file model.pdb (PDB, C-alpha atoms)
ATOM      1  CA  MET A   1     114.740  14.377  99.235
ATOM      2  CA  LYS A   2     112.785  14.970  96.069
ATOM      3  CA  GLY A   3     110.053  12.600  97.241
ATOM      4  CA  TYR A   4     109.875  14.420 100.552
ATOM      5  CA  ARG A   5     109.324  17.758  98.796
ATOM      6  CA  GLN A   6     106.590  16.297  96.633
ATOM      7  CA  LEU A   7     104.900  14.842  99.690
ATOM      8  CA  THR A   8     105.102  18.204 101.471
ATOM      9  CA  LEU A   9     103.615  19.956  98.441
ATOM     10  CA  LEU A  10     100.798  17.413  98.300
ATOM     11  CA  TYR A  11      99.995  17.938 101.984
ATOM     12  CA  GLY A  12      99.993  21.701 101.414
ATOM     13  CA  LEU A  13      97.526  21.426  98.546
ATOM     14  CA  LEU A  14      95.242  19.171 100.568
ATOM     15  CA  LEU A  15      95.362  21.630 103.441
ATOM     16  CA  MET A  16      94.337  24.478 101.124
ATOM     17  CA  VAL A  17      91.455  22.434  99.685
ATOM     18  CA  VAL A  18      90.117  21.837 103.191
ATOM     19  CA  ALA A  19      90.951  25.203 104.710
ATOM     20  CA  ILE A  20      89.449  27.516 102.077
ATOM     21  CA  PRO A  21      85.826  26.201 102.302
ATOM     22  CA  VAL A  22      86.092  26.182 106.090
ATOM     23  CA  ALA A  23      87.286  29.783 106.069
ATOM     24  CA  ILE A  24      84.452  30.843 103.768
ATOM     25  CA  TYR A  25      81.933  29.064 105.985
ATOM     26  CA  LEU A  26      83.295  30.761 109.103
ATOM     27  CA  VAL A  27      83.157  34.181 107.432
ATOM     28  CA  GLU A  28      79.531  33.627 106.381
ATOM     29  CA  GLN A  29      78.633  32.387 109.837
ATOM     30  CA  ASN A  30      80.270  35.446 111.336
ATOM     31  CA  ALA A  31      78.325  37.721 108.970
ATOM     32  CA  ASP A  32      75.073  35.950 109.809
ATOM     33  CA  SER A  33      75.848  36.306 113.504
ATOM     34  CA  ARG A  34      76.468  40.015 113.055
ATOM     35  CA  ASN A  35      73.193  40.343 111.155
ATOM     36  CA  MET A  36      71.302  38.480 113.863
ATOM     37  CA  ALA A  37      72.835  40.689 116.508
ATOM     38  CA  ALA A  38      72.025  43.764 114.454
ATOM     39  CA  ASN A  39      68.471  42.528 114.006
ATOM     40  CA  LYS A  40      68.080  42.409 117.747
ATOM     41  CA  ARG A  41      69.342  45.974 117.926
ATOM     42  CA  GLY A  42      67.081  47.201 115.122
ATOM     43  CA  CYS A  43      67.215  47.705 111.366
ATOM     44  CA  VAL A  44      69.375  45.364 109.243
ATOM     45  CA  GLU A  45      70.441  46.885 105.936
ATOM     46  CA  GLN A  46      70.966  44.621 102.915
ATOM     47  CA  CYS A  47      71.537  46.124  99.461
ATOM     48  CA  PRO A  48      70.341  43.631  98.330
ATOM     49  CA  GLY A  49      69.878  40.537 100.508
ATOM     50  CA  ARG A  50      70.421  36.977  99.297
ATOM     51  CA  ASP A  51      66.758  36.891  98.270
ATOM     52  CA  GLY A  52      67.258  39.909  96.008
ATOM     53  CA  VAL A  53      65.243  42.278  98.216
ATOM     54  CA  LEU A  54      66.628  45.726  99.016
ATOM     55  CA  ARG A  55      66.432  46.413 102.746
ATOM     56  CA  ASN A  56      67.209  50.049 103.301
ATOM     57  CA  CYS A  57      67.951  51.468 106.747
ATOM     58  CA  THR A  58      69.149  54.868 105.521
ATOM     59  CA  PRO A  59      66.794  55.923 106.965
ATOM     60  CA  PRO A  60      64.671  53.091 108.425
ATOM     61  CA  GLU A  61      60.883  53.038 108.560
ATOM     62  CA  ALA A  62      59.079  54.806 111.401
ATOM     63  CA  ASP A  63      58.894  51.556 113.398
ATOM     64  CA  GLY A  64      62.646  50.997 113.076
ATOM     65  CA  SER A  65      62.397  48.249 110.455
ATOM     66  CA  SER A  66      63.977  48.298 107.018
ATOM     67  CA  GLU A  67      62.274  49.693 103.924
ATOM     68  CA  ASP A  68      61.943  46.608 101.712
ATOM     69  CA  SER A  69      61.797  46.850  97.917
ATOM     70  CA  VAL A  70      61.332  44.067  95.366
ATOM     71  CA  CYS A  71      62.535  44.350  91.770
ATOM     72  CA  ASN A  72      59.182  43.730  90.087
ATOM     73  CA  VAL A  73      58.693  46.782  87.863
ATOM     74  CA  ALA A  74      60.999  47.877  85.051
ATOM     75  CA  ASN A  75      62.818  51.185  85.715
ATOM     76  CA  ARG A  76      61.760  51.282  89.347
ATOM     77  CA  VAL A  77      64.240  53.379  91.333
ATOM     78  CA  GLN A  78      65.028  52.835  95.002
ATOM     79  CA  MET A  79      67.622  54.118  97.449
ATOM     80  CA  CYS A  80      69.491  51.639  99.652
ATOM     81  CA  GLY A  81      72.493  52.327 101.835
ATOM     82  CA  GLY A  82      72.936  55.746 100.282
ATOM     83  CA  LYS A  83      73.142  54.370  96.745
ATOM     84  CA  CYS A  84      70.633  54.459  93.915
ATOM     85  CA  TYR A  85      69.381  51.121  92.580
ATOM     86  CA  VAL A  86      67.381  50.543  89.412
ATOM     87  CA  CYS A  87      65.243  47.515  88.545
ATOM     88  CA  PRO A  88      66.036  46.614  84.907
ATOM     89  CA  SER A  89      63.016  44.344  84.378
ATOM     90  CA  PRO A  90      60.228  42.580  86.305
ATOM     91  CA  ASN A  91      61.713  39.846  88.515
ATOM     92  CA  GLY A  92      65.193  41.089  87.594
ATOM     93  CA  LYS A  93      68.114  41.952  89.872
ATOM     94  CA  TRP A  94      68.677  45.393  91.351
ATOM     95  CA  LYS A  95      71.591  47.273  89.780
ATOM     96  CA  VAL A  96      73.505  50.259  91.114
ATOM     97  CA  ASP A  97      73.050  53.308  88.896
ATOM     98  CA  ASP A  98      75.900  55.647  89.778
ATOM     99  CA  ALA A  99      75.036  57.973  86.914
ATOM    100  CA  LEU A 100      71.594  58.694  88.340
ATOM    101  CA  LYS A 101      72.377  58.681  92.085
ATOM    102  CA  CYS A 102      68.671  59.416  92.751
ATOM    103  CA  ALA A 103      69.562  62.736  94.405
ATOM    104  CA  GLY A 104      67.511  65.557  92.993
ATOM    105  CA  THR A 105      66.197  63.290  90.264
ATOM    106  CA  THR A 106      62.720  61.845  90.122
ATOM    107  CA  VAL A 107      62.333  58.785  87.971
ATOM    108  CA  VAL A 108      58.746  57.609  87.880
ATOM    109  CA  PRO A 109      58.187  54.146  86.414
ATOM    110  CA  SER A 110      55.469  54.260  83.803
ATOM    111  CA  ILE A 111      53.486  51.771  81.770
ATOM    112  CA  PRO A 112      55.123  50.774  78.466
ATOM    113  CA  ALA A 113      53.160  51.766  75.380
ATOM    114  CA  GLY A 114      50.289  49.399  74.661
ATOM    115  CA  GLN A 115      50.119  47.985  78.194
ATOM    116  CA  VAL A 116      47.735  48.759  81.058
ATOM    117  CA  GLY A 117      48.289  48.700  84.813
ATOM    118  CA  VAL A 118      45.957  46.594  86.962
ATOM    119  CA  LEU A 119      44.705  47.432  90.450
ATOM    120  CA  ASN A 120      43.551  44.380  92.410
ATOM    121  CA  TYR A 121      41.351  45.455  95.299
ATOM    122  CA  GLN A 122      38.856  44.315  97.879
ATOM    123  CA  ILE A 123      36.518  46.642  99.739
ATOM    124  CA  SER A 124      33.544  46.545 102.078
ATOM    125  CA  PHE A 125      30.463  48.704 102.566
ATOM    126  CA  GLY A 126      29.822  50.011 106.064
ATOM    127  CA  GLY A 127      26.718  48.637 107.768
ATOM    128  CA  VAL A 128      26.155  45.683 105.436
ATOM    129  CA  ASN A 129      25.180  42.511 107.291
ATOM    130  CA  PRO A 130      26.541  39.522 105.325
ATOM    131  CA  ASN A 131      23.638  37.391 106.553
ATOM    132  CA  ASN A 132      21.023  39.765 105.176
ATOM    133  CA  ALA A 133      22.430  41.519 102.125
ATOM    134  CA  GLN A 134      20.360  40.247  99.216
ATOM    135  CA  CYS A 135      20.308  43.679  97.580
ATOM    136  CA  THR A 136      24.040  44.381  97.405
ATOM    137  CA  ILE A 137      24.085  43.175  93.805
ATOM    138  CA  ASP A 138      26.332  45.043  91.353
ATOM    139  CA  TRP A 139      26.717  48.179  93.434
ATOM    140  CA  PRO A 140      28.772  50.448  91.135
ATOM    141  CA  LEU A 141      31.949  52.122  92.353
ATOM    142  CA  LYS A 142      33.682  55.293  91.275
ATOM    143  CA  PHE A 143      37.497  55.196  91.337
ATOM    144  CA  ILE A 144      39.861  58.149  91.138
ATOM    145  CA  ILE A 145      43.531  57.181  90.739
ATOM    146  CA  LEU A 146      46.249  59.746  91.523
ATOM    147  CA  GLY A 147      49.990  59.441  91.001
ATOM    148  CA  ASP A 148      52.796  61.911  90.312
ATOM    149  CA  GLY A 149      50.400  64.629  89.206
ATOM    150  CA  GLU A 150      48.390  62.329  86.949
ATOM    151  CA  THR A 151      44.681  61.698  87.605
ATOM    152  CA  LYS A 152      42.200  59.308  86.057
ATOM    153  CA  VAL A 153      38.526  58.686  86.874
ATOM    154  CA  TYR A 154      36.779  55.340  86.355
ATOM    155  CA  GLN A 155      32.991  55.219  86.653
ATOM    156  CA  ASN A 156      30.553  52.342  87.179
ATOM    157  CA  VAL A 157      33.170  49.815  88.266
ATOM    158  CA  ILE A 158      31.517  46.568  89.384
ATOM    159  CA  PRO A 159      33.449  44.174  91.668
ATOM    160  CA  LYS A 160      33.605  40.719  90.123
ATOM    161  CA  ASN A 161      32.948  38.691  93.266
ATOM    162  CA  LYS A 162      32.051  38.854  96.946
ATOM    163  CA  PHE A 163      32.633  36.671  99.982
ATOM    164  CA  VAL A 164      32.267  36.735 103.751
ATOM    165  CA  LEU A 165      35.399  37.370 105.808
ATOM    166  CA  ASN A 166      35.389  37.869 109.585
ATOM    167  CA  ASN A 167      31.619  38.413 109.557
ATOM    168  CA  LYS A 168      31.999  41.095 106.900
ATOM    169  CA  MET A 169      30.826  41.104 103.290
ATOM    170  CA  VAL A 170      33.910  41.738 101.157
ATOM    171  CA  PHE A 171      33.799  42.682  97.474
ATOM    172  CA  ILE A 172      36.788  41.882  95.269
ATOM    173  CA  GLY A 173      37.756  43.026  91.795
ATOM    174  CA  SER A 174      40.474  44.035  89.347
ATOM    175  CA  LEU A 175      40.471  47.442  87.679
ATOM    176  CA  LYS A 176      42.423  47.960  84.459
ATOM    177  CA  LEU A 177      43.879  51.458  84.624
ATOM    178  CA  THR A 178      43.319  52.305  80.978
ATOM    179  CA  GLY A 179      44.758  55.699  80.096
ATOM    180  CA  PHE A 180      46.802  55.939  83.302
ATOM    181  CA  THR A 181      50.582  55.572  83.021
ATOM    182  CA  ARG A 182      51.944  55.553  86.579
ATOM    183  CA  LEU A 183      52.870  52.466  88.573
ATOM    184  CA  ASN A 184      54.129  53.531  91.999
ATOM    185  CA  ASN A 185      53.130  55.769  94.913
ATOM    186  CA  LEU A 186      49.487  55.852  93.898
ATOM    187  CA  ALA A 187      46.498  57.049  95.900
ATOM    188  CA  VAL A 188      43.072  55.500  95.299
ATOM    189  CA  PHE A 189      39.778  57.272  95.995
ATOM    190  CA  ILE A 190      36.639  55.117  95.987
ATOM    191  CA  ARG A 191      32.996  56.147  96.257
ATOM    192  CA  GLY A 192      30.049  53.776  96.477
ATOM    193  CA  PRO A 193      26.554  54.368  95.044
ATOM    194  CA  LYS A 194      25.325  55.699  98.405
ATOM    195  CA  HIS A 195      28.620  56.279 100.169
ATOM    196  CA  LEU A 196      31.118  59.028 100.856
ATOM    197  CA  GLN A 197      34.363  59.030  98.921
ATOM    198  CA  VAL A 198      37.238  57.446 100.854
ATOM    199  CA  LYS A 199      40.962  57.726 100.202
ATOM    200  CA  TYR A 200      43.089  54.589 100.334
ATOM    201  CA  GLY A 201      46.854  54.955 100.355
ATOM    202  CA  LYS A 202      48.158  51.602 101.566
ATOM    203  CA  ASN A 203      47.345  47.941 101.998
ATOM    204  CA  ASN A 204      45.324  46.796 105.033
ATOM    205  CA  GLN A 205      44.271  50.355 105.810
ATOM    206  CA  THR A 206      41.967  50.585 108.827
ATOM    207  CA  GLY A 207      41.408  54.343 109.145
ATOM    208  CA  SER A 208      41.909  57.688 107.422
ATOM    209  CA  TYR A 209      45.198  57.812 105.508
ATOM    210  CA  ASN A 210      45.786  61.480 106.396
ATOM    211  CA  GLN A 211      48.838  61.877 104.157
ATOM    212  CA  ALA A 212      49.477  63.370 100.753
ATOM    213  CA  GLY A 213      49.946  60.882  97.926
ATOM    214  CA  GLY A 214      49.922  57.157  98.533
ATOM    215  CA  GLU A 215      51.978  53.955  98.718
ATOM    216  CA  ILE A 216      50.065  51.786  96.268
ATOM    217  CA  MET A 217      51.948  50.020  93.473
ATOM    218  CA  VAL A 218      50.577  48.160  90.454
ATOM    219  CA  THR A 219      52.023  46.188  87.545
ATOM    220  CA  GLU A 220      50.820  45.449  84.041
ATOM    221  CA  SER A 221      49.774  41.944  85.109
ATOM    222  CA  GLU A 222      46.651  41.053  87.071
ATOM    223  CA  VAL A 223      48.514  38.003  88.372
ATOM    224  CA  LEU A 224      51.622  39.903  89.514
ATOM    225  CA  SER A 225      49.919  43.031  90.850
ATOM    226  CA  PRO A 226      49.415  42.942  94.637
ATOM    227  CA  LEU A 227      45.934  42.540  96.068
ATOM    228  CA  TYR A 228      45.143  45.620  98.140
ATOM    229  CA  ASP A 229      42.788  44.934 101.012
ATOM    230  CA  PHE A 230      40.784  48.077 101.766
ATOM    231  CA  SER A 231      37.975  46.202 103.511
ATOM    232  CA  GLY A 232      39.258  47.128 106.977
ATOM    233  CA  TYR A 233      38.163  50.713 106.317
ATOM    234  CA  PRO A 234      34.627  50.350 104.899
ATOM    235  CA  LEU A 235      32.994  52.858 102.593
ATOM    236  CA  MET A 236      30.779  55.097 104.725
ATOM    237  CA  PRO A 237      27.055  55.029 103.828
ATOM    238  CA  GLY A 238      24.626  57.946 103.729
ATOM    239  CA  ASP A 239      25.364  60.122 100.694
ATOM    240  CA  VAL A 240      22.232  59.382  98.666
ATOM    241  CA  VAL A 241      21.033  62.735  97.279
ATOM    242  CA  GLY A 242      22.350  66.246  96.788
ATOM    243  CA  THR A 243      21.037  69.504  98.154
ATOM    244  CA  TYR A 244      19.712  70.586  94.775
ATOM    245  CA  SER A 245      19.429  67.306  92.876
ATOM    246  CA  GLU A 246      18.791  63.592  93.196
ATOM    247  CA  GLN A 247      22.500  62.921  92.612
ATOM    248  CA  GLN A 248      25.204  62.369  95.241
ATOM    249  CA  ASP A 249      27.142  65.466  96.263
ATOM    250  CA  ASP A 250      29.854  63.811  98.397
ATOM    251  CA  MET A 251      28.328  65.233 101.557
ATOM    252  CA  ILE A 252      26.021  63.886 104.225
ATOM    253  CA  ASN A 253      23.645  66.421 105.708
ATOM    254  CA  GLY A 254      20.033  67.059 106.610
ATOM    255  CA  VAL A 255      18.910  66.495 103.030
ATOM    256  CA  ASP A 256      20.170  62.899 103.085
ATOM    257  CA  PHE A 257      18.706  62.387 106.550
ATOM    258  CA  SER A 258      15.274  63.673 105.510
ATOM    259  CA  TYR A 259      15.241  61.481 102.410
ATOM    260  CA  ILE A 260      16.173  58.281 104.264
ATOM    261  CA  LYS A 261      13.887  59.081 107.197
ATOM    262  CA  LEU A 262      10.918  59.544 104.861
ATOM    263  CA  LYS A 263      11.618  56.281 103.037
ATOM    264  CA  SER A 264      11.978  54.432 106.342
ATOM    265  CA  LEU A 265       8.566  55.664 107.497
ATOM    266  CA  GLU A 266       7.120  54.377 104.232
ATOM    267  CA  HIS A 267       9.001  51.119 104.876
ATOM    268  CA  GLU A 268       9.990  51.024 101.233
ATOM    269  CA  THR A 269      10.748  47.446 100.131
ATOM    270  CA  ILE A 270      11.992  45.739  96.976
ATOM    271  CA  ALA A 271      12.571  42.158  95.805
ATOM    272  CA  ASP A 272      15.940  40.429  96.265
ATOM    273  CA  GLY A 273      18.556  41.721  93.852
ATOM    274  CA  GLY A 274      16.897  45.106  93.492
ATOM    275  CA  ASN A 275      18.206  48.473  94.556
ATOM    276  CA  LEU A 276      16.717  51.207  96.719
ATOM    277  CA  LYS A 277      18.677  54.428  97.040
ATOM    278  CA  ALA A 278      17.969  54.725 100.772
ATOM    279  CA  ASP A 279      18.677  51.044 101.535
ATOM    280  CA  LEU A 280      22.120  51.528 103.061
ATOM    281  CA  ASP A 281      22.593  48.026 104.465
ATOM    282  CA  GLY A 282      21.449  46.204 101.330
ATOM    283  CA  ASN A 283      18.680  44.150 102.956
ATOM    284  CA  CYS A 284      16.104  45.185 100.315
ATOM    285  CA  GLN A 285      14.129  47.521 102.581
ATOM    286  CA  VAL A 286      14.475  50.948 104.157
ATOM    287  CA  ASN A 287      13.954  51.011 107.902
ATOM    288  CA  SER A 288      15.303  52.483 111.131
ATOM    289  CA  ASN A 289      18.621  50.666 110.724
ATOM    290  CA  ASP A 290      19.374  52.725 107.621
ATOM    291  CA  VAL A 291      18.607  55.903 109.557
ATOM    292  CA  ASN A 292      20.972  54.817 112.328
ATOM    293  CA  LEU A 293      23.736  54.051 109.830
ATOM    294  CA  LEU A 294      23.432  57.551 108.429
ATOM    295  CA  LYS A 295      23.663  59.026 111.921
ATOM    296  CA  ILE A 296      26.942  57.181 112.491
ATOM    297  CA  THR A 297      28.405  58.548 109.264
ATOM    298  CA  LEU A 298      27.244  62.103 109.999
ATOM    299  CA  GLN A 299      30.372  62.646 112.077
ATOM    300  CA  ASP A 300      32.424  62.535 108.857
ATOM    301  CA  ARG A 301      29.930  64.491 106.751
ATOM    302  CA  GLN A 302      32.213  65.028 103.756
ATOM    303  CA  GLY A 303      34.122  62.743 101.422
ATOM    304  CA  GLN A 304      37.921  62.688 101.452
ATOM    305  CA  LEU A 305      39.337  64.798  98.647
ATOM    306  CA  TYR A 306      43.145  64.622  98.967
TER
END
call {"tool": "encode", "arguments": {"input": "model.pdb", "output": "structure tokens"}}
result
Amino acid sequence: MKGYRQLTLLYGLLLMVVAIPVAIYLVEQNADSRNMAANKRGCVEQCPGRDGVLRNCTPPEADGSSEDSVCNVANRVQMCGGKCYVCPSPNGKWKVDDALKCAGTTVVPSIPAGQVGVLNYQISFGGVNPNNAQCTIDWPLKFIILGDGETKVYQNVIPKNKFVLNNKMVFIGSLKLTGFTRLNNLAVFIRGPKHLQVKYGKNNQTGSYNQAGGEIMVTESEVLSPLYDFSGYPLMPGDVVGTYSEQQDDMINGVDFSYIKLKSLEHETIADGGNLKADLDGNCQVNSNDVNLLKITLQDRQGQLY
């Protein structure tokens, strides 16, 4: 009788060893099935998912997808599923912060003392033909960075490299945001040496942003900061002189037209690598093509200011 009880107990233990993993597997499969079904219906909320990414559907994005957030910046705050999550450190794990609850509280991640944020960017200049752009050397850019009421201007920024992508000359660089402390929700304004100022608020932008603020995020590391591709919305050429001076005035009008038209009639030319103010396409000469480029930009007339 005693041996029978021991045998029964042994069978029971073996059954538990087999049954528990099977039960866990079935539960996970059921959860995955529910998630797949939910995905077909629309937004799938995970706070966080197995990959550590917050996927918030409360509310979802405009297209019905989840708002995804990665824990890559210390003290970053993000809502998910009605709860407030805080990123303790770069590449850390999101943690619920019940004390903060995000409601009515704005926590803006900022650069630790002694460190500098880095904006990785690539841009293009409207009208530049990559097969004939010998005079697009070291065209200086003006950057204005805005975030949470803070503003910083960076002059004479030179992209560090250029390449051809989809028959377009693309200029790439990294800007250290010295003196600027914000990391998230940034807006970037860029003006070229003969171009209107353009606002960029998100990656892969292809037209006017037309919203207050921006969605750009940077980190203190050039390697970890995202690369923002602004080349799909080229800087608009034509702002070469001001009404009362030889300096740009962030407007395109008859003064710019008269200046470029005159230079085109003179067929002003320069050697490769040089710079002519009225040479909008960077081919080292001023001709009718530059006049036509200005006419195209005239519909915008004024740089974007907010």
call {"tool": "resolve_selection", "arguments": {"input": "model.pdb", "expression": "the PyMOL selection byres ((chain A and resi 297) around 12)", "output": "PyMOL selection string"}}
result
chain A and resi 126-127+194-197+234-239+251-253+256-257+280+290-296+298-303
call {"tool": "closest_residue", "arguments": {"input": "model.pdb", "among": "A:Val73, A:Cys135, A:Cys47, A:Leu177", "to": "Val96 of chain A", "atoms": "only C-alpha atoms"}}
result
A:Cys47
call {"tool": "atom_distance", "arguments": {"input": "model.pdb", "atom1": "atom CA of Asp51 of chain A", "atom2": "atom CA of Asp229 of chain A"}}
result
25.4 Å
call {"tool": "resolve_selection", "arguments": {"input": "model.pdb", "expression": "the PyMOL selection byres ((chain A and resi 287) around 6)", "output": "PyMOL selection string"}}
result
chain A and resi 264+267+286+288-290
call {"tool": "atom_distance", "arguments": {"input": "model.pdb", "atom1": "atom CA of Asn203 of chain A", "atom2": "atom CA of Leu227 of chain A"}}
result
8.1 Å
call {"tool": "atom_distance", "arguments": {"input": "model.pdb", "atom1": "atom CA of Ala133 of chain A", "atom2": "atom CA of Asn283 of chain A"}}
result
4.7 Å
call {"tool": "resolve_selection", "arguments": {"input": "model.pdb", "expression": "the PyMOL selection byres ((chain A and resi 204) around 8)", "output": "VMD selection string"}}
result
chain A and resid 202 to 203 205 to 206 228 to 232
call {"tool": "closest_residue", "arguments": {"input": "model.pdb", "among": "A:Gly274, A:Gly214, A:Pro193, A:Gly82", "to": "Val240 of chain A", "atoms": "all atoms listed in the file"}}
result
A:Pro193
call {"tool": "residues_around", "arguments": {"input": "model.pdb", "residues": "Ile158 of chain A", "least_positions_apart": "6", "cutoff": "10 Å", "atoms": "all atoms listed in the file", "output": "NGL selection string"}}
result
:A and (137-142 or 171-175)
call {"tool": "axis_aligned_box", "arguments": {"input": "model.pdb", "around": "segment 202-215 of chain A", "padding_each_side": "8 Å", "output": "AutoDock Vina command-line options"}}
result
--center_x 46.7 --center_y 55.1 --center_z 103.5 --size_x 26.6 --size_y 32.6 --size_z 27.2
call {"tool": "closest_residue", "arguments": {"input": "model.pdb", "among": "A:Pro60, A:Thr181, A:Cys87, A:Gln134", "to": "Ile270 of chain A", "atoms": "all atoms listed in the file"}}
result
A:Gln134
call {"tool": "closest_residue", "arguments": {"input": "model.pdb", "among": "A:Tyr233, A:Tyr244, A:Tyr85, A:Trp94", "to": "Tyr200 of chain A", "atoms": "all atoms listed in the file"}}
result
A:Tyr233
call {"tool": "residues_near_point", "arguments": {"input": "model.pdb", "point": "(70.2, 51.9, 96.1)", "cutoff": "12 Å", "atoms": "only C-alpha atoms", "output": "ChimeraX atom specification"}}
result
/A:45-48,53-58,67-71,76-87,93-98,100-103
call {"tool": "closest_residue", "arguments": {"input": "model.pdb", "among": "A:Asn129, A:Leu165, A:Glu220, A:Cys43", "to": "Ala62 of chain A", "atoms": "only C-alpha atoms"}}
result
A:Cys43
call {"tool": "closest_residue", "arguments": {"input": "model.pdb", "among": "A:Asn161, A:Asn185, A:Ser124, A:Gln248", "to": "Ala212 of chain A", "atoms": "all atoms listed in the file"}}
result
A:Asn185
call {"tool": "residues_around", "arguments": {"input": "model.pdb", "residues": "Lys152 of chain A", "least_positions_apart": "3", "cutoff": "10 Å", "atoms": "only C-alpha atoms", "output": "NGL selection string"}}
result
:A and (143-147 or 177-181)
